[in-house]
Amino acid sequence: MMEQTMEHLYEQMGIDRAVYTFCEQIEEGLTERFQAIDRTAAYNQMKVLHAMQQNQLSEAHLFPSTGYGYNDIGRDTLERIYADVFHTEEALVRPHITCGTHALHIALAGNLRPGDEILSPVGKPYDTLDEVIGIRPSAGSLAEYGITYRQVDLLADGSFDWEGIRNAIRPQTRLIEIQRSKGYASRRTLSVEQIGTLIAFLKGIRPDLICMVDNCYGEFVERIEPTDVGADMAVGSLIKNPGGGLAPIGGYIVGTRECVERAAYRLTAPALGKELGASLGVTATFMQGLFLAPTVTAAALKGAVLAANVYESLGFRTIPNATEERSDIIQAVEFGQADLLIAFCEGIQAAAPVDSHVRPTPWAMPGYDSEVIMAAGAFVSGSSIELSADGPIKPPYTAFFQGGLTYPHARFGIMKSLQRMVDKGLKL
């Protein structure tokens, strides 16, 4: 059997020659960008490897524990590795943390007390925190425990409102919540350098403020993390970047010993903290996922860069734009109308290795204030380091594209999304 050309193989998978050629020509101009991403991945790979070797990771650390999980040396070694990778005093890395929102709630609830106040100096946080904080009333919210919330919006140009932040800090202000990624907002993602500048400003006003960074989607995108620039805590999900596509569940909290221990008491119970929690056989996948995370993140970043260049060339607004430096793996594309957003997500789903035959439809997803469409044919349910896309069905009808365990898969997903839109009348 003769080897097929790449173009012919793509045609067999539903990509017209015009779409293939259009994307390939754009890709040819991205060589230097991709090389820079690979250099960052190589740096972060060595950082992870060094932490594993320094902690003498052994085969014995990969075995599971059950029941109470006392003396689980694999779990404890994993947390020391995370602490070393993020250059922190302590880490909490557990399969019992169900998602990023859960990890954030644990960090907040563990470190706040009745009468304390949360301040977000970067505008409203991600939608799923609305009910956690109590922005929207919900049973068990922090507001029900007497914890208040205030925010200072970014300025129109995306910069910090320094005077507004200074004036918003009150005696009861206890914790600063800094969301690195844009979420469902149209702002730019914050770089680690920007976060460091903000933390230095806040600590200059009140050194006792706890600065917590929602690090979801940002791990290993840069060579440094928020905990390298003064964050007391960084929080994230293992089914995003740090799980490397292998972690089946889980979240992490890294930071100062006091902050992480308080979070651990909230996760389990007072006096129990980190001492309990069986690993149930996931330690090996957590370890291997972390080992792969820098290169998997790089693949997702390349896909995001290609998506920005493809869709910006067609006249759509992209955030970040085609040339900007990146601080997370998310690529936002504003389509301006619902049918284009839906077509984009249908194309991403059709490119998936799992459930490619399924057509995503908008639905009332828990934690959101509008219908949301989600495309995710993933090996791990809901994993957004795998090729996926989602967006709220409301103006400006923005698709949030992320993931791709390998760059060739991300590349195919972008072509498939464009093909679906071309099939529905978009002109190249």
# chains A, B, ... in the order shown; residues from 1 in each chain; ligands from 1

call {"tool": "select_by_dssp", "arguments": {"residues": "range 50-267 of chain A", "states": "strand (DSSP E)", "output": "MDAnalysis selection string"}}
result
chainID A and resid 90:94 117:120 148:151 173:179 210:214 233:237 251:255

call {"tool": "write_last_selection", "arguments": {"atoms": "C-alpha atoms", "output": "tab-separated table (two decimals), in the first residue's frame"}}
result
chain	number	residue	atom	x	y	z
A	90	GLU	CA	4.13	23.20	51.17
A	91	ALA	CA	1.72	21.58	48.71
A	92	LEU	CA	-1.63	19.81	48.82
A	93	VAL	CA	-2.18	17.54	45.79
A	94	ARG	CA	-5.13	15.18	46.11
A	117	GLU	CA	-13.28	40.14	53.24
A	118	ILE	CA	-12.10	38.94	49.84
A	119	LEU	CA	-10.90	41.55	47.37
A	120	SER	CA	-10.47	40.87	43.66
A	148	THR	CA	-17.77	39.56	52.31
A	149	TYR	CA	-16.52	40.28	48.81
A	150	ARG	CA	-15.47	43.38	46.88
A	151	GLN	CA	-13.84	43.90	43.50
A	173	THR	CA	-9.72	42.80	53.89
A	174	ARG	CA	-7.96	39.48	54.45
A	175	LEU	CA	-7.44	37.73	51.14
A	176	ILE	CA	-6.70	38.96	47.61
A	177	GLU	CA	-8.10	36.73	44.85
A	178	ILE	CA	-6.16	37.14	41.60
A	179	GLN	CA	-7.44	35.22	38.59
A	210	ILE	CA	-2.96	36.74	51.73
A	211	CYS	CA	-2.45	36.84	47.96
A	212	MET	CA	-4.03	33.82	46.27
A	213	VAL	CA	-3.71	33.21	42.52
A	214	ASP	CA	-6.16	31.13	40.53
A	233	MET	CA	-0.99	30.44	47.34
A	234	ALA	CA	-1.44	29.21	43.78
A	235	VAL	CA	-4.38	26.95	43.05
A	236	GLY	CA	-5.28	24.77	40.08
A	237	SER	CA	-6.82	21.64	38.60
A	251	GLY	CA	-6.41	19.58	42.21
A	252	TYR	CA	-3.52	21.28	43.93
A	253	ILE	CA	-2.80	24.11	46.33
A	254	VAL	CA	0.80	25.25	46.75
A	255	GLY	CA	2.09	28.04	48.95

call {"tool": "residues_around", "arguments": {"residues": "range 181-184 of chain A", "least_positions_apart": "4", "cutoff": "10 Å", "atoms": "only C-alpha atoms", "output": "JSON, numbers by chain"}}
result
{"A": [122, 124, 125, 126, 127, 128, 188, 189, 190, 191, 213, 214, 215, 216, 217, 218, 319, 327, 328, 329, 330, 331, 332, 390, 391, 392, 398, 399, 400]}

call {"tool": "write_last_selection", "arguments": {"atoms": "C-alpha atoms", "output": "tab-separated table (two decimals), in the first residue's frame"}}
result
chain	number	residue	atom	x	y	z
A	122	VAL	CA	-8.84	42.19	38.55
A	124	LYS	CA	-15.13	39.55	38.70
A	125	PRO	CA	-13.70	36.03	38.97
A	126	TYR	CA	-14.73	33.03	36.88
A	127	ASP	CA	-18.46	32.31	36.77
A	128	THR	CA	-18.32	29.14	38.89
A	188	ARG	CA	-6.17	39.67	28.57
A	189	THR	CA	-4.68	36.97	30.74
A	190	LEU	CA	-2.26	38.30	33.35
A	191	SER	CA	1.42	37.46	32.93
A	213	VAL	CA	-3.71	33.21	42.52
A	214	ASP	CA	-6.16	31.13	40.53
A	215	ASN	CA	-3.50	29.53	38.35
A	216	CYS	CA	-5.83	27.42	36.17
A	217	TYR	CA	-4.67	27.13	32.54
A	218	GLY	CA	-1.41	28.96	33.28
A	319	ILE	CA	-7.78	37.33	22.57
A	327	SER	CA	0.33	33.46	29.79
A	328	ASP	CA	-2.27	30.68	29.54
A	329	ILE	CA	-3.42	28.08	27.03
A	330	ILE	CA	-6.84	29.62	26.32
A	331	GLN	CA	-7.58	31.21	22.96
A	332	ALA	CA	-10.74	33.30	22.77
A	390	ASP	CA	-16.74	26.06	25.11
A	391	GLY	CA	-18.59	29.33	25.29
A	392	PRO	CA	-21.67	30.99	26.77
A	398	THR	CA	-17.05	34.01	22.22
A	399	ALA	CA	-15.53	30.57	21.85
A	400	PHE	CA	-12.87	29.63	24.38

call {"tool": "closest_residue", "arguments": {"among": "A:His8, A:Lys240, A:His96, A:Arg262", "to": "Ser388 in chain A", "atoms": "only C-alpha atoms"}}
result
A:Lys240

call {"tool": "closest_residue", "arguments": {"among": "A:Asn241, A:Thr285, A:Thr66, A:Thr31", "to": "Gly403 in chain A", "atoms": "only C-alpha atoms"}}
result
A:Asn241

call {"tool": "closest_residue", "arguments": {"among": "A:Pro121, A:Pro320, A:Gly289, A:Gly14", "to": "Trp162 in chain A", "atoms": "only C-alpha atoms"}}
result
A:Pro121

call {"tool": "closest_residue", "arguments": {"among": "A:Gln402, A:Gln12, A:Ser417, A:Asn71", "to": "Ala299 in chain A", "atoms": "only C-alpha atoms"}}
result
A:Gln402

call {"tool": "closest_residue", "arguments": {"among": "A:Arg187, A:Ala247, A:Arg206, A:Ala298", "to": "Leu155 in chain A", "atoms": "only C-alpha atoms"}}
result
A:Arg187

call {"tool": "select_by_dssp", "arguments": {"residues": "range 6-230 of chain A", "states": "alpha helix (DSSP H)", "output": "PyMOL selection string"}}
result
chain A and resi 6-12+17-28+31-54+73-85+100-111+130-133+162-168+192-205

call {"tool": "residues_around", "arguments": {"residues": "Gly382 in chain A", "least_positions_apart": "6", "cutoff": "10 Å", "atoms": "only C-alpha atoms", "output": "PyMOL selection string"}}
result
chain A and resi 99+239-240+248-249+374-376+388

call {"tool": "residues_around", "arguments": {"residues": "Pro360 in chain A", "least_positions_apart": "3", "cutoff": "12 Å", "atoms": "only C-alpha atoms", "output": "list in words"}}
result
Leu341, Ile342, Ala343, Phe344, Cys345, Glu346, Gly347, Ile348, Gln349, Ala350, Ala352, Asp355, Ser356, His357, Trp363, Val372, Ile373, Met374, Ala375, Ala376, Gly377, Ser388, Ala389, Asp390 and Gly391 of chain A

call {"tool": "residues_around", "arguments": {"residues": "Ala107 in chain A", "least_positions_apart": "4", "cutoff": "7 Å", "atoms": "only C-alpha atoms", "output": "count of residues only"}}
result
3

call {"tool": "residues_around", "arguments": {"residues": "Leu428 in chain A", "least_positions_apart": "4", "cutoff": "8 Å", "atoms": "only C-alpha atoms", "output": "count of residues only"}}
result
3

call {"tool": "atom_distance", "arguments": {"atom1": "CA of Glu27 in chain A", "atom2": "CA of Gly336 in chain A"}}
result
25.1 Å
